[in-house]
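Have a look at entry-v8.pdb below; it lists PDB, C-alpha atoms.
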MODEL        1
ATOM      1  CA  MET A   1     -14.486  37.910 -26.783
ATOM      2  CA  GLU A   2     -17.688  39.919 -26.625
ATOM      3  CA  VAL A   3     -19.790  36.793 -27.119
ATOM      4  CA  PHE A   4     -17.831  35.014 -24.384
ATOM      5  CA  LEU A   5     -18.346  37.836 -21.878
ATOM      6  CA  GLN A   6     -22.017  38.085 -22.775
ATOM      7  CA  THR A   7     -22.371  34.351 -22.177
ATOM      8  CA  ILE A   8     -20.589  34.088 -18.808
ATOM      9  CA  PHE A   9     -22.427  37.114 -17.377
ATOM     10  CA  SER A  10     -25.860  36.043 -18.576
ATOM     11  CA  TYR A  11     -28.381  34.260 -16.380
ATOM     12  CA  PRO A  12     -27.924  31.527 -15.166
ATOM     13  CA  VAL A  13     -24.261  31.217 -16.188
ATOM     14  CA  SER A  14     -23.442  34.226 -13.997
ATOM     15  CA  ILE A  15     -24.242  32.141 -10.887
ATOM     16  CA  PHE A  16     -21.701  29.516 -11.869
ATOM     17  CA  SER A  17     -19.274  32.264 -12.934
ATOM     18  CA  VAL A  18     -19.298  33.761  -9.439
ATOM     19  CA  LEU A  19     -18.780  30.320  -7.902
ATOM     20  CA  PHE A  20     -16.030  29.652 -10.447
ATOM     21  CA  ILE A  21     -14.205  32.807  -9.358
ATOM     22  CA  LEU A  22     -14.497  31.780  -5.704
ATOM     23  CA  VAL A  23     -13.081  28.352  -6.566
ATOM     24  CA  LEU A  24     -10.129  29.930  -8.380
ATOM     25  CA  ILE A  25      -9.454  32.241  -5.412
ATOM     26  CA  TYR A  26      -9.586  29.291  -3.014
ATOM     27  CA  TRP A  27      -7.091  27.208  -4.986
ATOM     28  CA  LEU A  28      -4.848  30.224  -5.470
ATOM     29  CA  ILE A  29      -4.764  30.709  -1.693
ATOM     30  CA  CYS A  30      -3.985  27.002  -1.295
ATOM     31  CA  ALA A  31      -1.166  27.252  -3.831
ATOM     32  CA  LEU A  32       0.322  30.155  -1.852
ATOM     33  CA  GLY A  33       0.274  28.005   1.289
ATOM     34  CA  PHE A  34      -2.247  29.947   3.334
ATOM     35  CA  ILE A  35      -4.589  26.962   3.642
ATOM     36  CA  ASP A  36      -3.503  23.468   4.655
ATOM     37  CA  LEU A  37      -5.101  21.029   2.229
ATOM     38  CA  GLY A  38      -4.493  18.190   4.652
ATOM     39  CA  SER A  39      -7.066  19.669   7.007
ATOM     40  CA  SER A  40      -9.790  19.376   4.371
ATOM     41  CA  ASP A  41      -9.392  15.696   3.606
ATOM     42  CA  PRO A  42     -12.234  14.091   5.540
ATOM     43  CA  GLY A  43     -12.690  10.368   5.185
ATOM     44  CA  LEU A  44      -9.161   9.570   4.007
ATOM     45  CA  GLU A  45      -7.981   8.133   7.302
ATOM     46  CA  ALA A  46      -8.721   4.431   7.685
ATOM     47  CA  ASP A  47      -8.884   2.273  10.782
ATOM     48  CA  VAL A  48      -6.667  -0.782  11.003
ATOM     49  CA  SER A  49      -8.455  -3.403   8.969
ATOM     50  CA  GLY A  50      -8.262  -5.787   6.086
ATOM     51  CA  PRO A  51     -10.775  -7.493   3.835
ATOM     52  CA  ASP A  52     -12.667 -10.369   5.443
ATOM     53  CA  ILE A  53     -11.072  -9.915   8.871
ATOM     54  CA  ASP A  54     -13.209 -10.851  11.873
ATOM     55  CA  VAL A  55     -12.680  -8.324  14.636
ATOM     56  CA  SER A  56     -14.147  -8.390  18.120
ATOM     57  CA  GLY A  57     -13.863  -5.690  20.751
ATOM     58  CA  PRO A  58     -13.024  -6.367  24.399
ATOM     59  CA  ASP A  59     -16.539  -5.397  25.520
ATOM     60  CA  ALA A  60     -18.540  -6.819  22.649
ATOM     61  CA  ASP A  61     -19.979 -10.269  22.036
ATOM     62  CA  ALA A  62     -20.450  -9.764  18.319
ATOM     63  CA  ASP A  63     -17.787  -9.251  15.685
ATOM     64  CA  PHE A  64     -17.109  -5.642  14.852
ATOM     65  CA  ASP A  65     -16.615  -4.810  11.184
ATOM     66  CA  LEU A  66     -13.561  -2.649  10.676
ATOM     67  CA  ASP A  67     -13.645  -2.400   6.911
ATOM     68  CA  ALA A  68     -11.667   0.628   5.708
ATOM     69  CA  GLU A  69     -13.769   3.757   5.765
ATOM     70  CA  THR A  70     -14.566   5.225   2.381
ATOM     71  CA  GLY A  71     -15.612   8.593   3.662
ATOM     72  CA  ALA A  72     -19.221   8.116   2.481
ATOM     73  CA  PRO A  73     -21.639  10.440   4.282
ATOM     74  CA  GLU A  74     -24.184   8.700   6.515
ATOM     75  CA  ALA A  75     -27.673   8.502   5.028
ATOM     76  CA  GLY A  76     -29.211   9.851   8.209
ATOM     77  CA  ALA A  77     -27.000  12.931   8.326
ATOM     78  CA  GLY A  78     -29.552  14.914   6.355
ATOM     79  CA  ILE A  79     -30.892  15.626   2.899
ATOM     80  CA  LEU A  80     -27.559  17.016   1.691
ATOM     81  CA  SER A  81     -25.714  13.883   2.761
ATOM     82  CA  GLY A  82     -28.294  11.749   0.982
ATOM     83  CA  ILE A  83     -27.884  13.753  -2.225
ATOM     84  CA  LEU A  84     -24.085  13.499  -2.069
ATOM     85  CA  LEU A  85     -24.351   9.746  -1.559
ATOM     86  CA  LYS A  86     -26.873   9.400  -4.393
ATOM     87  CA  PHE A  87     -24.561  11.081  -6.905
ATOM     88  CA  GLY A  88     -21.425   9.354  -5.594
ATOM     89  CA  LEU A  89     -19.949  12.614  -4.302
ATOM     90  CA  TYR A  90     -17.866  11.207  -1.458
ATOM     91  CA  GLY A  91     -14.535   9.555  -0.762
ATOM     92  CA  ILE A  92     -12.320  12.518  -1.673
ATOM     93  CA  PRO A  93     -12.032  16.030  -0.132
ATOM     94  CA  LEU A  94     -15.268  17.991  -0.380
ATOM     95  CA  THR A  95     -13.427  21.043  -1.741
ATOM     96  CA  ILE A  96     -12.334  19.047  -4.788
ATOM     97  CA  ILE A  97     -15.856  17.694  -5.310
ATOM     98  CA  LEU A  98     -17.422  21.162  -5.128
ATOM     99  CA  SER A  99     -14.769  22.582  -7.468
ATOM    100  CA  LEU A 100     -15.497  19.914 -10.085
ATOM    101  CA  VAL A 101     -19.261  20.430  -9.779
ATOM    102  CA  VAL A 102     -18.879  24.203 -10.223
ATOM    103  CA  ILE A 103     -16.522  23.924 -13.206
ATOM    104  CA  THR A 104     -18.667  21.283 -14.923
ATOM    105  CA  GLY A 105     -21.878  23.227 -14.240
ATOM    106  CA  TRP A 106     -20.302  26.424 -15.566
ATOM    107  CA  PHE A 107     -19.288  24.672 -18.788
ATOM    108  CA  LEU A 108     -22.688  23.021 -19.355
ATOM    109  CA  SER A 109     -24.697  26.167 -18.615
ATOM    110  CA  SER A 110     -22.400  28.195 -20.875
ATOM    111  CA  LEU A 111     -23.102  25.845 -23.768
ATOM    112  CA  ALA A 112     -26.835  26.036 -23.139
ATOM    113  CA  ALA A 113     -26.738  29.836 -22.950
ATOM    114  CA  GLN A 114     -24.659  30.281 -26.076
ATOM    115  CA  PHE A 115     -26.618  27.894 -28.290
ATOM    116  CA  TRP A 116     -30.121  28.420 -26.890
ATOM    117  CA  LEU A 117     -30.851  30.978 -24.157
ATOM    118  CA  LEU A 118     -29.146  33.991 -25.732
ATOM    119  CA  ARG A 119     -31.141  33.427 -28.891
ATOM    120  CA  MET A 120     -34.400  33.875 -26.993
ATOM    121  CA  GLU A 121     -36.089  37.215 -26.496
ATOM    122  CA  PRO A 122     -35.464  38.736 -23.022
ATOM    123  CA  GLY A 123     -38.407  38.264 -20.707
ATOM    124  CA  ILE A 124     -40.150  35.945 -18.322
ATOM    125  CA  VAL A 125     -39.917  32.970 -20.686
ATOM    126  CA  ARG A 126     -36.152  33.331 -21.003
ATOM    127  CA  TYR A 127     -35.834  33.743 -17.232
ATOM    128  CA  GLY A 128     -37.843  30.560 -16.651
ATOM    129  CA  ALA A 129     -35.781  28.694 -19.228
ATOM    130  CA  GLY A 130     -32.615  29.968 -17.541
ATOM    131  CA  THR A 131     -33.792  28.649 -14.193
ATOM    132  CA  ALA A 132     -34.442  25.256 -15.762
ATOM    133  CA  VAL A 133     -30.989  25.311 -17.364
ATOM    134  CA  PHE A 134     -29.393  26.124 -13.999
ATOM    135  CA  LEU A 135     -31.112  23.216 -12.237
ATOM    136  CA  LEU A 136     -30.405  20.768 -15.062
ATOM    137  CA  SER A 137     -26.771  21.891 -15.270
ATOM    138  CA  LEU A 138     -26.370  21.418 -11.517
ATOM    139  CA  VAL A 139     -27.836  17.919 -11.620
ATOM    140  CA  ALA A 140     -25.834  16.938 -14.710
ATOM    141  CA  ALA A 141     -22.628  18.386 -13.222
ATOM    142  CA  SER A 142     -23.166  16.433  -9.991
ATOM    143  CA  TRP A 143     -23.754  13.210 -11.923
ATOM    144  CA  LEU A 144     -20.696  13.727 -14.147
ATOM    145  CA  THR A 145     -18.517  14.602 -11.160
ATOM    146  CA  GLY A 146     -19.611  11.408  -9.416
ATOM    147  CA  ARG A 147     -18.558   9.408 -12.469
ATOM    148  CA  LEU A 148     -15.228  11.269 -12.711
ATOM    149  CA  ILE A 149     -14.198  10.715  -9.100
ATOM    150  CA  SER A 150     -15.356   7.100  -8.928
ATOM    151  CA  PRO A 151     -12.013   5.659 -10.206
ATOM    152  CA  ILE A 152     -10.113   7.954  -7.820
ATOM    153  CA  ARG A 153     -12.269   6.860  -4.882
ATOM    154  CA  ASN A 154     -11.803   3.179  -5.733
ATOM    155  CA  PHE A 155      -8.040   3.659  -5.981
ATOM    156  CA  LEU A 156      -7.902   5.393  -2.590
ATOM    157  CA  ASP A 157     -10.074   2.683  -1.027
ATOM    158  CA  ARG A 158      -7.741  -0.068  -2.299
ATOM    159  CA  ARG A 159      -4.706   1.880  -1.121
ATOM    160  CA  LYS A 160      -6.167   2.440   2.363
ATOM    161  CA  GLU A 161      -7.221  -1.196   2.612
ATOM    162  CA  ASP A 162      -3.766  -2.449   1.670
ATOM    163  CA  THR A 163      -1.988   0.042   3.957
ATOM    164  CA  SER A 164      -4.195  -0.705   6.954
ATOM    165  CA  SER A 165      -3.793  -4.459   6.501
ATOM    166  CA  ARG A 166      -0.015  -4.158   6.290
ATOM    167  CA  SER A 167      -0.004  -2.306   9.603
ATOM    168  CA  LEU A 168      -0.453  -5.701  11.304
ATOM    169  CA  CYS A 169       2.870  -6.910   9.911
ATOM    170  CA  GLY A 170       5.533  -7.409  12.566
ATOM    171  CA  ARG A 171       3.015  -8.230  15.295
ATOM    172  CA  SER A 172       2.778 -11.472  17.193
ATOM    173  CA  ALA A 173      -0.209 -13.794  16.858
ATOM    174  CA  THR A 174      -1.440 -17.110  18.214
ATOM    175  CA  VAL A 175      -2.290 -20.091  16.026
ATOM    176  CA  ARG A 176      -5.990 -20.964  16.426
ATOM    177  CA  SER A 177      -6.422 -23.596  13.726
ATOM    178  CA  GLY A 178      -5.139 -27.161  14.167
ATOM    179  CA  SER A 179      -1.936 -26.178  12.379
ATOM    180  CA  VAL A 180      -0.500 -23.628   9.974
ATOM    181  CA  GLY A 181       1.467 -24.691   6.924
ATOM    182  CA  LEU A 182       2.014 -23.668   3.342
ATOM    183  CA  SER A 183      -1.594 -24.620   2.621
ATOM    184  CA  GLY A 184      -2.928 -22.142   5.173
ATOM    185  CA  GLY A 185      -4.435 -21.782   8.605
ATOM    186  CA  GLN A 186      -5.817 -19.227  11.047
ATOM    187  CA  VAL A 187      -4.211 -17.083  13.735
ATOM    188  CA  GLU A 188      -5.484 -14.595  16.287
ATOM    189  CA  CYS A 189      -3.847 -11.181  16.544
ATOM    190  CA  THR A 190      -4.655  -8.400  19.010
ATOM    191  CA  LYS A 191      -4.120  -4.699  18.373
ATOM    192  CA  ASP A 192      -5.556  -1.636  20.135
ATOM    193  CA  GLY A 193      -7.975  -3.788  22.129
ATOM    194  CA  TYR A 194      -9.413  -5.573  19.090
ATOM    195  CA  THR A 195      -8.922  -9.214  18.155
ATOM    196  CA  TYR A 196      -8.288 -10.111  14.510
ATOM    197  CA  MET A 197      -8.855 -13.592  13.098
ATOM    198  CA  LEU A 198      -6.541 -13.777  10.076
ATOM    199  CA  GLN A 199      -6.120 -16.218   7.233
ATOM    200  CA  VAL A 200      -2.405 -17.068   7.069
ATOM    201  CA  GLN A 201       0.174 -19.346   5.541
ATOM    202  CA  ALA A 202       3.570 -20.386   6.846
ATOM    203  CA  ALA A 203       6.677 -18.910   5.290
ATOM    204  CA  PRO A 204       8.541 -21.330   2.975
ATOM    205  CA  GLY A 205      11.016 -23.444   4.930
ATOM    206  CA  ASP A 206       9.326 -22.908   8.278
ATOM    207  CA  VAL A 207       8.434 -25.872  10.499
ATOM    208  CA  ALA A 208       4.821 -26.926  10.955
ATOM    209  CA  LEU A 209       3.098 -24.535  13.350
ATOM    210  CA  LYS A 210       0.708 -26.072  15.863
ATOM    211  CA  LYS A 211      -2.352 -24.717  17.639
ATOM    212  CA  GLY A 212      -1.344 -22.395  20.483
ATOM    213  CA  ASP A 213       2.078 -21.556  19.006
ATOM    214  CA  THR A 214       3.184 -17.946  18.912
ATOM    215  CA  VAL A 215       3.964 -16.693  15.421
ATOM    216  CA  TYR A 216       4.855 -13.345  13.885
ATOM    217  CA  ILE A 217       3.235 -11.750  10.850
ATOM    218  CA  LEU A 218       5.736 -11.024   8.088
ATOM    219  CA  ASP A 219       3.734  -9.837   5.108
ATOM    220  CA  TYR A 220       0.257  -9.328   3.644
ATOM    221  CA  HIS A 221      -0.786 -10.517   0.176
ATOM    222  CA  PRO A 222      -3.875  -8.599  -1.018
ATOM    223  CA  SER A 223      -4.384 -10.846  -4.060
ATOM    224  CA  GLY A 224      -5.227 -13.801  -1.829
ATOM    225  CA  ASN A 225      -6.177 -11.887   1.336
ATOM    226  CA  VAL A 226      -3.637 -13.908   3.284
ATOM    227  CA  TYR A 227      -0.759 -13.133   5.652
ATOM    228  CA  THR A 228       2.609 -14.879   5.820
ATOM    229  CA  VAL A 229       3.727 -15.908   9.318
ATOM    230  CA  VAL A 230       6.850 -17.450  10.837
ATOM    231  CA  SER A 231       7.568 -19.127  14.148
ATOM    232  CA  GLU A 232       8.683 -17.019  17.090
ATOM    233  CA  ALA A 233      12.147 -18.586  17.135
ATOM    234  CA  ARG A 234      12.718 -17.980  13.442
ATOM    235  CA  PHE A 235      11.404 -14.404  13.641
ATOM    236  CA  LYS A 236      13.789 -13.486  16.459
ATOM    237  CA  GLY A 237      16.627 -15.005  14.490
ATOM    238  CA  LEU A 238      15.958 -12.871  11.385
TER     239      LEU A 238
ENDMDL
END
In structure tokens, how does this file's structure come out?
Amino acid sequence: MEVFLQTIFSYPVSIFSVLFILVLIYWLICALGFIDLGSSDPGLEADVSGPDIDVSGPDADADFDLDAETGAPEAGAGILSGILLKFGLYGIPLTIILSLVVITGWFLSSLAAQFWLLRMEPGIVRYGAGTAVFLLSLVAASWLTGRLISPIRNFLDRRKEDTSSRSLCGRSATVRSGSVGLSGGQVECTKDGYTYMLQVQAAPGDVALKKGDTVYILDYHPSGNVYTVVSEARFKGL
């Protein structure tokens, strides 16, 4: 116990120890319900979109890309944003990212202090080595955290993409290709002032759909990036 206390209160581990305590206090307050975690989830809301969907705005000549937002910080937002992007520290709430960086940095610096720094004689050399350990631990912790949250970020991106694409289901659309059958076709769907050109296929048993016909979107299939549509008459009869 004495060795443990000596380690966590030695330089530079003490810096991470203080941050670690603040992190624990924060999550304790969250657990007690005094802080709404939902308010600290930047970048988890996605606009209506789907993969490979052409979208054009009412006042724009060019297509507008509405790929689901991943929450990545813009490169021009500053040095901090660039660093976060470089290490892959985006896509999930910043409080979680910072907590993981602090915990990982505390662990790495503690190992370095216990097996190296505390065996050095106190003085300027040990202080300089401690500063180097702090910087290296911070960089290593940021890199490791980026690798840890990468699968989580990818999962959230896929979930947002699928959810946002399914939000078009139930809406009417107009056939723009020569026809729409089981083999496929294209329709145009409008939502919130934006026009979506969608790859679709007719529902089994539906009649051949011709250009200009009104159809309704039934379902979205992420594996093939295609929507299932039915004729207006059949949809109203469901």
> If you apply the PyMOL selection byres ((chain A and resi 24) around 12) to this file, what residues do you get, as a list in words?
Replying inline: Ser17, Val18, Leu19, Phe20, Ile21, Leu22, Val23, Ile25, Tyr26, Trp27, Leu28, Ile29, Cys30, Ala31, Thr95, Ile96, Leu98, Ser99, Leu100, Val102 and Ile103 of chain A
> For Asp219 (chain A), which residue among A:Ser142, A:Ser231, A:Thr131, A:Gln201 is the nearest when counting all atoms listed in the file?
Replying inline: A:Gln201
>> Can you measure CA of Ser183 (chain A) to CA of Ile217 (chain A) for me? One decimal in Å is fine.
In response: 16.0 Å
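Computed from the coordinates, the CA of Trp143 (chain A) to CA of Val101 (chain A) distance equals 8.8 Å.
Using all atoms listed in the file, the shortest contact distance between Thr174 (chain A) and any of A:Asn154, A:Thr7, A:Gln199, A:Asn225 is found at A:Gln199.
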>> I'd like the residues picked by the PyMOL selection byres ((chain A and resi 176) around 12) written out as JSON, numbers by chain, using the chain letters and numbers from the file.
In response: {"A": [173, 174, 175, 177, 178, 179, 180, 184, 185, 186, 187, 188, 189, 196, 197, 198, 199, 200, 209, 210, 211, 212, 213, 214, 215]}
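Coordinates place CA of Gly170 (chain A) at a distance of 11.6 Å from CA of Lys191 (chain A).
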I'd like to see the residues matched by the PyMOL selection byres ((chain A and resi 205) around 10) on this file, and ideally I'd get them as a tab-separated table (two decimals) with C-alpha atoms, in the frame of the given file.
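out.tsv was written with the following content:
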chain	number	residue	atom	x	y	z
A	181	GLY	CA	1.47	-24.69	6.92
A	182	LEU	CA	2.01	-23.67	3.34
A	202	ALA	CA	3.57	-20.39	6.85
A	203	ALA	CA	6.68	-18.91	5.29
A	204	PRO	CA	8.54	-21.33	2.98
A	206	ASP	CA	9.33	-22.91	8.28
A	207	VAL	CA	8.43	-25.87	10.50
A	208	ALA	CA	4.82	-26.93	10.96
A	230	VAL	CA	6.85	-17.45	10.84
Expected axis-aligned box over every listed atom of region 217-231 of chain A, 4 Å added per side, centre plus edges in Å to one decimal, as JSON:
{"center_x": 0.7, "center_y": -13.9, "center_z": 5.0, "size_x": 21.7, "size_y": 18.5, "size_z": 26.2}
>> I'd like the contact shell of Tyr127 (chain A) - 10 Å cut-off, only C-alpha atoms, skipping same-chain residues fewer than 6 positions apart - returned as a PyMOL selection string.
In response: chain A and resi 11-12+117+120-121+133
> Quick one: of A:Leu138, A:Ile149, A:Ala132, A:Val13, who's nearest to Ala113 (chain A), counting all atoms listed in the file?
Replying inline: A:Val13
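Closest to Pro151 (chain A) among A:Ile92, A:Ile83, A:Leu118, A:Ala233 is A:Ile92, based on all atoms listed in the file.
Proximity ranking of A:Leu85, A:Leu135, A:Leu111, A:Ala140 relative to Phe4 (chain A) places A:Leu111 first, based on only C-alpha atoms.
Closest approach to Ser110 (chain A) among A:Tyr220, A:Tyr194, A:Phe155, A:Phe9 is made by A:Phe9 (distances from only C-alpha atoms).
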